[in-house]
>>> print(open('coords.cif').read())   # mmCIF, C-alpha atoms
data_work
#
loop_
_atom_site.label_atom_id
_atom_site.label_comp_id
_atom_site.auth_asym_id
_atom_site.auth_seq_id
_atom_site.Cartn_x
_atom_site.Cartn_y
_atom_site.Cartn_z
CA ARG D 1 -21.04 78.45 -144.35
CA LYS D 2 -23.09 80.08 -141.61
CA GLU D 3 -21.20 82.44 -139.32
CA VAL D 4 -21.91 80.47 -136.15
CA GLU D 5 -23.07 76.88 -136.30
CA GLN D 6 -24.39 74.70 -133.52
CA ASP D 7 -26.02 71.30 -133.30
CA PRO D 8 -29.65 72.24 -132.55
CA GLY D 9 -30.31 69.08 -130.55
CA PRO D 10 -32.38 68.50 -128.58
CA PHE D 11 -30.10 66.85 -126.11
CA ASN D 12 -32.17 64.78 -123.68
CA VAL D 13 -30.16 63.67 -120.66
CA PRO D 14 -30.89 62.36 -117.16
CA GLU D 15 -29.98 64.29 -114.05
CA GLY D 16 -26.33 63.88 -113.18
CA ALA D 17 -25.20 63.33 -116.74
CA THR D 18 -22.34 65.16 -118.41
CA VAL D 19 -23.21 66.83 -121.69
CA ALA D 20 -21.08 68.69 -124.21
CA PHE D 21 -22.11 71.25 -126.80
CA ASN D 22 -20.00 72.26 -129.76
CA CYS D 23 -19.96 75.32 -131.92
CA THR D 24 -17.95 76.47 -134.94
CA TYR D 25 -17.53 79.99 -136.28
CA SER D 26 -16.52 81.12 -139.75
CA ASN D 27 -14.77 84.47 -139.26
CA SER D 28 -11.22 84.01 -138.04
CA ALA D 29 -11.11 87.72 -137.11
CA SER D 30 -13.70 87.28 -134.33
CA GLN D 31 -12.14 88.29 -131.04
CA SER D 32 -14.57 87.46 -128.25
CA PHE D 33 -16.66 84.41 -127.57
CA PHE D 34 -19.50 83.61 -125.22
CA TRP D 35 -22.14 81.15 -124.20
CA TYR D 36 -25.56 82.61 -123.47
CA ARG D 37 -28.46 80.74 -121.93
CA GLN D 38 -32.06 81.29 -122.98
CA ASP D 39 -35.01 79.84 -121.10
CA CYS D 40 -38.25 79.20 -122.92
CA ARG D 41 -39.95 82.47 -123.90
CA LYS D 42 -37.35 84.50 -122.00
CA GLU D 43 -34.48 86.75 -122.98
CA PRO D 44 -30.91 85.45 -123.44
CA LYS D 45 -28.56 85.88 -120.49
CA LEU D 46 -24.79 85.61 -120.40
CA LEU D 47 -23.67 82.24 -119.04
CA MET D 48 -19.94 82.67 -119.44
CA SER D 49 -17.22 84.12 -121.60
CA VAL D 50 -14.86 81.76 -123.42
CA TYR D 51 -11.10 82.19 -123.38
CA SER D 52 -8.32 80.44 -125.25
CA SER D 53 -6.95 79.12 -121.98
CA GLY D 54 -10.31 77.61 -121.14
CA ASN D 55 -12.40 78.65 -118.19
CA GLU D 56 -14.55 76.98 -115.61
CA ASP D 57 -17.48 78.21 -113.54
CA GLY D 58 -18.72 75.56 -111.17
CA ARG D 59 -20.16 72.71 -113.24
CA PHE D 60 -19.62 74.57 -116.51
CA THR D 61 -16.42 74.52 -118.56
CA ALA D 62 -15.91 76.45 -121.77
CA GLN D 63 -13.06 76.06 -124.23
CA LEU D 64 -11.93 77.82 -127.36
CA ASN D 65 -9.74 76.52 -130.14
CA ARG D 66 -8.86 79.46 -132.39
CA ALA D 67 -6.96 77.34 -134.90
CA SER D 68 -10.00 75.15 -135.51
CA GLN D 69 -12.49 78.01 -134.91
CA TYR D 70 -14.26 75.78 -132.45
CA ILE D 71 -15.95 76.52 -129.12
CA SER D 72 -17.28 74.04 -126.60
CA LEU D 73 -19.35 74.00 -123.44
CA LEU D 74 -19.27 71.11 -120.98
CA ILE D 75 -21.91 70.74 -118.29
CA ARG D 76 -21.18 68.25 -115.53
CA ASP D 77 -23.68 66.77 -113.08
CA SER D 78 -26.66 68.13 -114.99
CA LYS D 79 -29.55 69.57 -113.00
CA LEU D 80 -33.20 69.90 -113.97
CA SER D 81 -32.67 73.66 -113.86
CA ASP D 82 -30.07 73.39 -116.65
CA SER D 83 -32.85 72.72 -119.14
CA ALA D 84 -32.68 75.62 -121.59
CA THR D 85 -31.32 76.62 -124.97
CA TYR D 86 -27.60 77.40 -125.06
CA LEU D 87 -26.47 80.00 -127.57
CA CYS D 88 -22.95 80.16 -128.92
CA VAL D 89 -22.04 83.79 -129.56
CA VAL D 90 -19.07 85.54 -131.20
CA THR D 91 -18.33 89.20 -131.73
CA SER D 92 -18.71 90.60 -135.20
CA PRO D 93 -15.45 92.13 -136.38
CA ASN D 94 -17.20 93.94 -139.21
CA GLN D 95 -19.35 96.24 -137.15
CA ALA D 96 -18.67 98.98 -134.65
CA GLY D 97 -19.62 98.67 -131.06
CA THR D 98 -19.89 95.17 -129.72
CA ALA D 99 -22.32 93.55 -132.13
CA LEU D 100 -22.73 89.84 -131.50
CA ILE D 101 -23.40 87.00 -133.90
CA PHE D 102 -25.60 84.32 -132.38
CA GLY D 103 -25.81 80.68 -133.23
CA LYS D 104 -29.28 79.21 -133.46
CA GLY D 105 -28.86 77.48 -130.13
CA THR D 106 -28.70 73.97 -128.75
CA THR D 107 -31.63 72.79 -126.68
CA LEU D 108 -30.97 70.80 -123.53
CA SER D 109 -33.63 68.90 -121.63
CA VAL D 110 -32.63 67.34 -118.31
CA SER D 111 -35.04 64.81 -116.86
CA SER D 112 -35.33 63.16 -113.45
CA ASN I 1 -32.47 99.29 -111.09
CA ALA I 2 -34.79 97.91 -113.78
CA GLY I 3 -32.05 97.04 -116.31
CA VAL I 4 -33.50 96.89 -119.82
CA THR I 5 -37.24 97.29 -120.27
CA GLN I 6 -39.34 96.99 -123.42
CA THR I 7 -42.77 98.36 -124.27
CA PRO I 8 -45.14 96.83 -125.24
CA LYS I 9 -44.80 93.15 -124.30
CA PHE I 10 -47.32 91.97 -126.90
CA ARG I 11 -48.90 93.53 -129.95
CA VAL I 12 -51.04 92.44 -132.88
CA LEU I 13 -50.99 94.58 -136.02
CA LYS I 14 -52.71 94.45 -139.35
CA THR I 15 -50.65 94.56 -142.51
CA GLY I 16 -49.76 98.15 -143.36
CA GLN I 17 -50.12 99.53 -139.84
CA SER I 18 -47.26 101.28 -138.14
CA MET I 19 -45.93 101.06 -134.62
CA THR I 20 -42.97 101.93 -132.43
CA LEU I 21 -41.27 99.63 -129.96
CA LEU I 22 -39.61 101.35 -127.03
CA CYS I 23 -36.49 100.14 -125.27
CA ALA I 24 -35.18 101.82 -122.14
CA GLN I 25 -32.09 101.09 -120.05
CA ASP I 26 -31.01 102.59 -116.75
CA MET I 27 -27.41 101.30 -116.72
CA ASN I 28 -25.92 104.27 -118.58
CA HIS I 29 -24.79 101.99 -121.41
CA GLU I 30 -23.43 103.54 -124.59
CA TYR I 31 -24.38 100.71 -126.93
CA MET I 32 -27.90 99.56 -127.68
CA TYR I 33 -29.24 96.97 -130.11
CA TRP I 34 -32.43 95.63 -131.63
CA TYR I 35 -32.68 91.96 -132.55
CA ARG I 36 -35.42 89.76 -133.89
CA GLN I 37 -35.72 86.09 -133.06
CA ASP I 38 -37.59 83.67 -135.29
CA PRO I 39 -37.97 79.89 -134.95
CA GLY I 40 -35.03 78.13 -136.52
CA MET I 41 -33.27 81.41 -137.31
CA GLY I 42 -31.69 82.46 -134.05
CA LEU I 43 -31.22 86.08 -133.05
CA ARG I 44 -30.52 88.50 -135.88
CA LEU I 45 -29.36 92.09 -135.50
CA ILE I 46 -31.70 94.70 -137.01
CA HIS I 47 -30.07 98.01 -136.03
CA TYR I 48 -27.72 99.19 -133.35
CA SER I 49 -26.43 102.40 -131.80
CA VAL I 50 -23.00 103.21 -130.40
CA GLY I 51 -24.17 106.36 -128.68
CA GLU I 52 -26.81 109.04 -128.40
CA GLY I 53 -27.73 110.43 -131.80
CA THR I 54 -26.05 107.63 -133.79
CA THR I 55 -27.53 104.52 -135.37
CA ALA I 56 -26.34 101.91 -137.83
CA LYS I 57 -27.76 99.01 -139.82
CA GLY I 58 -27.36 95.44 -138.74
CA GLU I 59 -27.95 92.20 -140.59
CA VAL I 60 -31.69 92.61 -141.34
CA PRO I 61 -32.54 96.36 -141.34
CA ASP I 62 -35.09 96.48 -144.18
CA GLY I 63 -38.55 97.58 -143.11
CA TYR I 64 -37.35 99.08 -139.83
CA ASN I 65 -36.14 102.46 -138.65
CA VAL I 66 -34.58 103.44 -135.35
CA SER I 67 -33.81 106.53 -133.32
CA ARG I 68 -31.59 107.20 -130.31
CA LEU I 69 -32.50 110.73 -129.22
CA LYS I 70 -31.66 110.02 -125.60
CA LYS I 71 -28.90 107.78 -124.31
CA GLN I 72 -31.28 105.67 -122.28
CA ASN I 73 -33.84 105.05 -125.04
CA PHE I 74 -33.68 103.21 -128.35
CA LEU I 75 -36.82 103.17 -130.50
CA LEU I 76 -37.60 100.69 -133.26
CA GLY I 77 -40.20 101.71 -135.81
CA LEU I 78 -42.18 99.72 -138.34
CA GLU I 79 -43.65 102.13 -140.88
CA SER I 80 -45.79 99.61 -142.77
CA ALA I 81 -45.94 96.26 -141.03
CA ALA I 82 -45.81 93.05 -143.04
CA PRO I 83 -46.55 89.45 -141.97
CA SER I 84 -42.84 88.68 -142.42
CA GLN I 85 -42.20 90.97 -139.46
CA THR I 86 -44.06 88.66 -137.10
CA SER I 87 -41.37 87.84 -134.57
CA VAL I 88 -40.07 88.30 -131.06
CA TYR I 89 -38.07 91.51 -130.77
CA PHE I 90 -35.32 91.87 -128.19
CA CYS I 91 -33.54 95.01 -127.22
CA ALA I 92 -30.12 94.88 -125.57
CA SER I 93 -27.58 97.29 -124.16
CA SER I 94 -23.90 97.02 -123.26
CA THR I 95 -20.76 98.88 -122.29
CA ASN I 96 -18.36 96.06 -123.08
CA ASN I 97 -18.90 92.67 -124.55
CA GLU I 98 -21.67 91.51 -122.20
CA GLN I 99 -25.06 92.44 -123.54
CA PHE I 100 -28.07 92.75 -121.26
CA PHE I 101 -31.38 91.94 -122.88
CA GLY I 102 -34.89 93.17 -122.28
CA PRO I 103 -37.77 90.72 -121.85
CA GLY I 104 -38.86 90.95 -125.48
CA THR I 105 -41.87 92.12 -127.47
CA ARG I 106 -44.01 89.52 -129.21
CA LEU I 107 -45.36 91.04 -132.42
CA THR I 108 -47.87 89.40 -134.72
CA VAL I 109 -48.73 90.97 -138.06
CA LEU I 110 -51.92 89.66 -139.65
#
>>> encode(input="coords.cif", output="structure tokens")
Amino acid sequence: RKEVEQDPGPFNVPEGATVAFNCTYSNSASQSFFWYRQDCRKEPKLLMSVYSSGNEDGRFTAQLNRASQYISLLIRDSKLSDSATYLCVVTSPNQAGTALIFGKGTTLSVSS
Amino acid sequence: NAGVTQTPKFRVLKTGQSMTLLCAQDMNHEYMYWYRQDPGMGLRLIHYSVGEGTTAKGEVPDGYNVSRLKKQNFLLGLESAAPSQTSVYFCASSTNNEQFFGPGTRLTVL
């Protein structure tokens, strides 16, 4: 089983749609969880951290289920500018520092 | 405040050539990382450093060496480039869990 698994998509949705991305991770000792966004041919950037209590940032909601080792990202009222690849990321408990394990990403395309 | 910068942005090498990729950060971060990103593979950690003068291997370290002589710089070296090292290389730095990435170096090995 890969350490972080995501549905690669692509997800093609119209503007205004609600879209959900899912992610599973294999190491139950992972402590921190994130969603990063990567635009085409650009570097990844932190979108939001994910907490067990769930957290929301505007149109974006992230949730974590530690028991199921499952992370989700919900995007409401999709905008054209949301088109990107969304990377599910967990910390690696086997390495010093704050090494991150990245999923392969889920591609979202929002059309007008 | 430039954040994380990488030099060069693009490079084409022949098999067997050597080169060094430079990463610099001006945020006074302790931790720095080198990743490679390949189609269908996601980002994979090559080497990382938890402070000046220290380095450690990541997931895919073979064929690469690194040095962290100054806190702000993290160098990635390819001693004898191979076509399998054709990739996009990202450097990142952090003080806590959020990592800040450079713009990447696109390397092609012929």
>>> closest_atom_pairs(input="coords.cif", of="chain I", to="chain D", cutoff="8 Å", atoms="all atoms listed in the file", output="CSV")
residue,atom,partner,partner_atom,distance
I:Tyr31,CA,D:Gly97,CA,6.6
I:Tyr33,CA,D:Ala99,CA,8.0
I:Gly40,CA,D:Lys104,CA,6.6
I:Met41,CA,D:Lys104,CA,6.0
I:Gly42,CA,D:Lys104,CA,4.1
I:Leu43,CA,D:Phe102,CA,5.9
I:Arg44,CA,D:Phe102,CA,7.3
I:Leu45,CA,D:Ala99,CA,7.9
I:Tyr48,CA,D:Ala99,CA,7.9
I:Ser49,CA,D:Gly97,CA,7.8
I:Val50,CA,D:Gly97,CA,5.7
I:Phe90,CA,D:Glu43,CA,7.4
I:Ser94,CA,D:Thr98,CA,7.8
I:Asn96,CA,D:Thr98,CA,6.9
I:Asn97,CA,D:Thr98,CA,5.8
I:Glu98,CA,D:Leu46,CA,6.9
I:Gln99,CA,D:Leu46,CA,7.5
I:Phe100,CA,D:Lys45,CA,6.9
I:Phe101,CA,D:Glu43,CA,6.0
I:Gly102,CA,D:Glu43,CA,6.5
I:Pro103,CA,D:Glu43,CA,5.3
I:Gly104,CA,D:Glu43,CA,6.6
>>> write_last_selection(input="coords.cif", atoms="C-alpha atoms", output="JSON list (two decimals), keeping the file's coordinate frame")
[["chain", "number", "residue", "atom", "x", "y", "z"],
["I", 31, "TYR", "CA", -24.38, 100.71, -126.93],
["I", 33, "TYR", "CA", -29.24, 96.97, -130.11],
["I", 40, "GLY", "CA", -35.03, 78.13, -136.52],
["I", 41, "MET", "CA", -33.27, 81.41, -137.31],
["I", 42, "GLY", "CA", -31.69, 82.46, -134.05],
["I", 43, "LEU", "CA", -31.22, 86.08, -133.05],
["I", 44, "ARG", "CA", -30.52, 88.50, -135.88],
["I", 45, "LEU", "CA", -29.36, 92.09, -135.50],
["I", 48, "TYR", "CA", -27.72, 99.19, -133.35],
["I", 49, "SER", "CA", -26.43, 102.40, -131.80],
["I", 50, "VAL", "CA", -23.00, 103.21, -130.40],
["I", 90, "PHE", "CA", -35.32, 91.87, -128.19],
["I", 94, "SER", "CA", -23.90, 97.02, -123.26],
["I", 96, "ASN", "CA", -18.36, 96.06, -123.08],
["I", 97, "ASN", "CA", -18.90, 92.67, -124.55],
["I", 98, "GLU", "CA", -21.67, 91.51, -122.20],
["I", 99, "GLN", "CA", -25.06, 92.44, -123.54],
["I", 100, "PHE", "CA", -28.07, 92.75, -121.26],
["I", 101, "PHE", "CA", -31.38, 91.94, -122.88],
["I", 102, "GLY", "CA", -34.89, 93.17, -122.28],
["I", 103, "PRO", "CA", -37.77, 90.72, -121.85],
["I", 104, "GLY", "CA", -38.86, 90.95, -125.48]]
>>> closest_residue(input="coords.cif", among="D:Ser111, D:Asn12, D:Asn22, D:Cys40", to="Ile71 of chain D", atoms="only C-alpha atoms")
D:Asn22
>>> resolve_selection(input="coords.cif", expression="the PyMOL selection byres ((chain I and resi 4) around 9)", output="PyMOL selection string")
chain I and resi 2-3+5-6+23-27+91-93+100-103
>>> atom_distance(input="coords.cif", atom1="atom CA of Thr86 of chain I", atom2="atom CA of Arg106 of chain I")
7.9 Å
>>> atom_distance(input="coords.cif", atom1="atom CA of Gln37 of chain I", atom2="atom CA of Gly63 of chain I")
15.5 Å
>>> resolve_selection(input="coords.cif", expression="the PyMOL selection byres ((chain D and resi 62) around 12)", output="VMD selection string")
chain D and resid 20 to 23 33 to 36 47 to 61 63 to 65 70 to 76 88
>>> atom_distance(input="coords.cif", atom1="atom CA of Ile46 of chain I", atom2="atom CA of Asp7 of chain D")
24.4 Å
>>> residues_around(input="coords.cif", residues="Thr105 of chain I", least_positions_apart="3", cutoff="7 Å", atoms="all atoms listed in the file", output="PyMOL selection string")
chain I and resi 6+8-10+88-90
>>> resolve_selection(input="coords.cif", expression="the PyMOL selection byres ((chain I and resi 71) around 10)", output="list in words")
Ala24, Gln25, Asp26, Asn28, His29, Glu30, Tyr31, Met32, Ser49, Val50, Gly51, Glu52, Gly53, Thr54, Arg68, Leu69, Lys70, Gln72, Asn73 and Phe74 of chain I
>>> residues_around(input="coords.cif", residues="Ser80 of chain I", least_positions_apart="2", cutoff="9 Å", atoms="all atoms listed in the file", output="compact mmCIF listing (two decimals) with C-alpha atoms, keeping the file's coordinate frame")
# COMPACT_ATOMS: atom_id res chain seq x y z
CA THR I 15 -50.65 94.56 -142.51
CA GLY I 16 -49.76 98.15 -143.36
CA GLN I 17 -50.12 99.53 -139.84
CA SER I 18 -47.26 101.28 -138.14
CA MET I 19 -45.93 101.06 -134.62
CA GLY I 63 -38.55 97.58 -143.11
CA TYR I 64 -37.35 99.08 -139.83
CA LEU I 78 -42.18 99.72 -138.34
CA ALA I 82 -45.81 93.05 -143.04
>>> residues_around(input="coords.cif", residues="Thr20 of chain I", least_positions_apart="3", cutoff="8 Å", atoms="all atoms listed in the file", output="list in words")
Leu75, Leu76, Gly77 and Leu78 of chain I
>>> write_last_selection(input="coords.cif", atoms="C-alpha atoms", output="mmCIF file, keeping the file's coordinate frame")
data_model
loop_
_atom_site.group_PDB
_atom_site.id
_atom_site.type_symbol
_atom_site.label_atom_id
_atom_site.label_comp_id
_atom_site.auth_asym_id
_atom_site.auth_seq_id
_atom_site.Cartn_x
_atom_site.Cartn_y
_atom_site.Cartn_z
ATOM 1 C CA LEU I 75 -36.820 103.170 -130.500
ATOM 2 C CA LEU I 76 -37.600 100.690 -133.260
ATOM 3 C CA GLY I 77 -40.200 101.710 -135.810
ATOM 4 C CA LEU I 78 -42.180 99.720 -138.340
#
>>> decode(input="coords.cif", residues="segment 14-110 of chain I", atoms="C-alpha atoms", output="short mmCIF file (atom, residue, chain, number, x, y, z; two decimals), in the first residue's frame")
data_model
loop_
_atom_site.label_atom_id
_atom_site.label_comp_id
_atom_site.auth_asym_id
_atom_site.auth_seq_id
_atom_site.Cartn_x
_atom_site.Cartn_y
_atom_site.Cartn_z
CA LYS I 14 24.70 14.81 -21.31
CA THR I 15 24.97 11.45 -19.62
CA GLY I 16 27.99 11.40 -17.34
CA GLN I 17 28.24 15.15 -16.83
CA SER I 18 28.11 16.66 -13.39
CA MET I 19 26.31 19.69 -12.06
CA THR I 20 25.23 21.42 -8.88
CA LEU I 21 21.80 22.87 -8.18
CA LEU I 22 21.73 25.76 -5.75
CA CYS I 23 18.92 26.53 -3.34
CA ALA I 24 18.89 29.68 -1.24
CA GLN I 25 16.40 30.89 1.36
CA ASP I 26 16.26 34.20 3.20
CA MET I 27 13.72 33.22 5.88
CA ASN I 28 16.29 31.92 8.39
CA HIS I 29 14.75 28.45 8.24
CA GLU I 30 16.55 25.57 9.92
CA TYR I 31 15.19 22.81 7.70
CA MET I 32 15.80 22.47 3.98
CA TYR I 33 14.84 19.77 1.51
CA TRP I 34 15.39 18.59 -2.04
CA TYR I 35 12.60 16.83 -3.91
CA ARG I 36 12.18 15.53 -7.40
CA GLN I 37 8.86 15.44 -9.21
CA ASP I 38 8.19 13.06 -12.07
CA PRO I 39 4.96 12.50 -14.02
CA GLY I 40 2.76 10.00 -12.23
CA MET I 41 5.17 9.75 -9.29
CA GLY I 42 4.44 12.81 -7.20
CA LEU I 43 7.09 14.59 -5.15
CA ARG I 44 9.79 12.38 -3.66
CA LEU I 45 12.33 13.44 -1.06
CA ILE I 46 15.97 13.11 -2.13
CA HIS I 47 17.90 14.57 0.82
CA TYR I 48 17.18 16.97 3.62
CA SER I 49 18.97 19.00 6.26
CA VAL I 50 17.89 19.89 9.78
CA GLY I 51 20.55 22.54 10.20
CA GLU I 52 23.81 23.99 8.99
CA GLY I 53 26.43 21.29 8.54
CA THR I 54 23.97 18.37 8.72
CA THR I 55 22.35 16.37 5.94
CA ALA I 56 20.37 13.15 5.74
CA LYS I 57 19.04 10.79 3.08
CA GLY I 58 15.45 10.84 1.98
CA GLU I 59 13.45 8.37 -0.07
CA VAL I 60 15.50 8.47 -3.31
CA PRO I 61 19.08 9.58 -2.47
CA ASP I 62 21.06 7.41 -4.89
CA GLY I 63 23.04 9.36 -7.47
CA TYR I 64 22.86 12.62 -5.53
CA ASN I 65 24.94 14.36 -2.90
CA VAL I 66 24.16 17.45 -0.86
CA SER I 67 25.90 20.02 1.29
CA ARG I 68 24.69 22.62 3.77
CA LEU I 69 27.76 24.72 4.54
CA LYS I 70 25.69 27.82 5.23
CA LYS I 71 22.27 27.95 6.84
CA GLN I 72 20.74 29.78 3.92
CA ASN I 73 22.07 27.50 1.17
CA PHE I 74 21.44 23.86 0.30
CA LEU I 75 23.30 22.40 -2.68
CA LEU I 76 22.31 19.31 -4.64
CA GLY I 77 25.01 17.64 -6.70
CA LEU I 78 24.84 15.11 -9.51
CA GLU I 79 28.29 13.59 -9.96
CA SER I 80 27.52 11.57 -13.09
CA ALA I 81 24.14 12.40 -14.55
CA ALA I 82 21.93 9.65 -15.95
CA PRO I 83 18.77 9.89 -18.10
CA SER I 84 16.79 8.57 -15.11
CA GLN I 85 17.60 11.83 -13.35
CA THR I 86 15.60 13.84 -15.87
CA SER I 87 13.05 15.52 -13.64
CA VAL I 88 11.86 18.72 -12.04
CA TYR I 89 13.77 19.43 -8.84
CA PHE I 90 12.20 21.45 -6.04
CA CYS I 91 13.93 22.83 -3.03
CA ALA I 92 11.96 23.70 0.11
CA SER I 93 12.62 25.18 3.53
CA SER I 94 10.66 25.26 6.78
CA THR I 95 10.75 26.06 10.47
CA ASN I 96 7.62 24.14 11.37
CA ASN I 97 5.34 21.99 9.33
CA GLU I 98 4.70 24.45 6.49
CA GLN I 99 7.25 24.06 3.75
CA PHE I 100 7.98 26.87 1.32
CA PHE I 101 9.08 25.76 -2.12
CA GLY I 102 11.33 27.30 -4.70
CA PRO I 103 10.20 27.64 -8.33
CA GLY I 104 11.95 24.46 -9.45
CA THR I 105 14.76 23.44 -11.78
CA ARG I 106 13.88 21.53 -14.94
CA LEU I 107 16.72 19.13 -15.71
CA THR I 108 17.00 17.01 -18.83
CA VAL I 109 19.73 14.40 -19.14
CA LEU I 110 20.33 13.17 -22.68
#
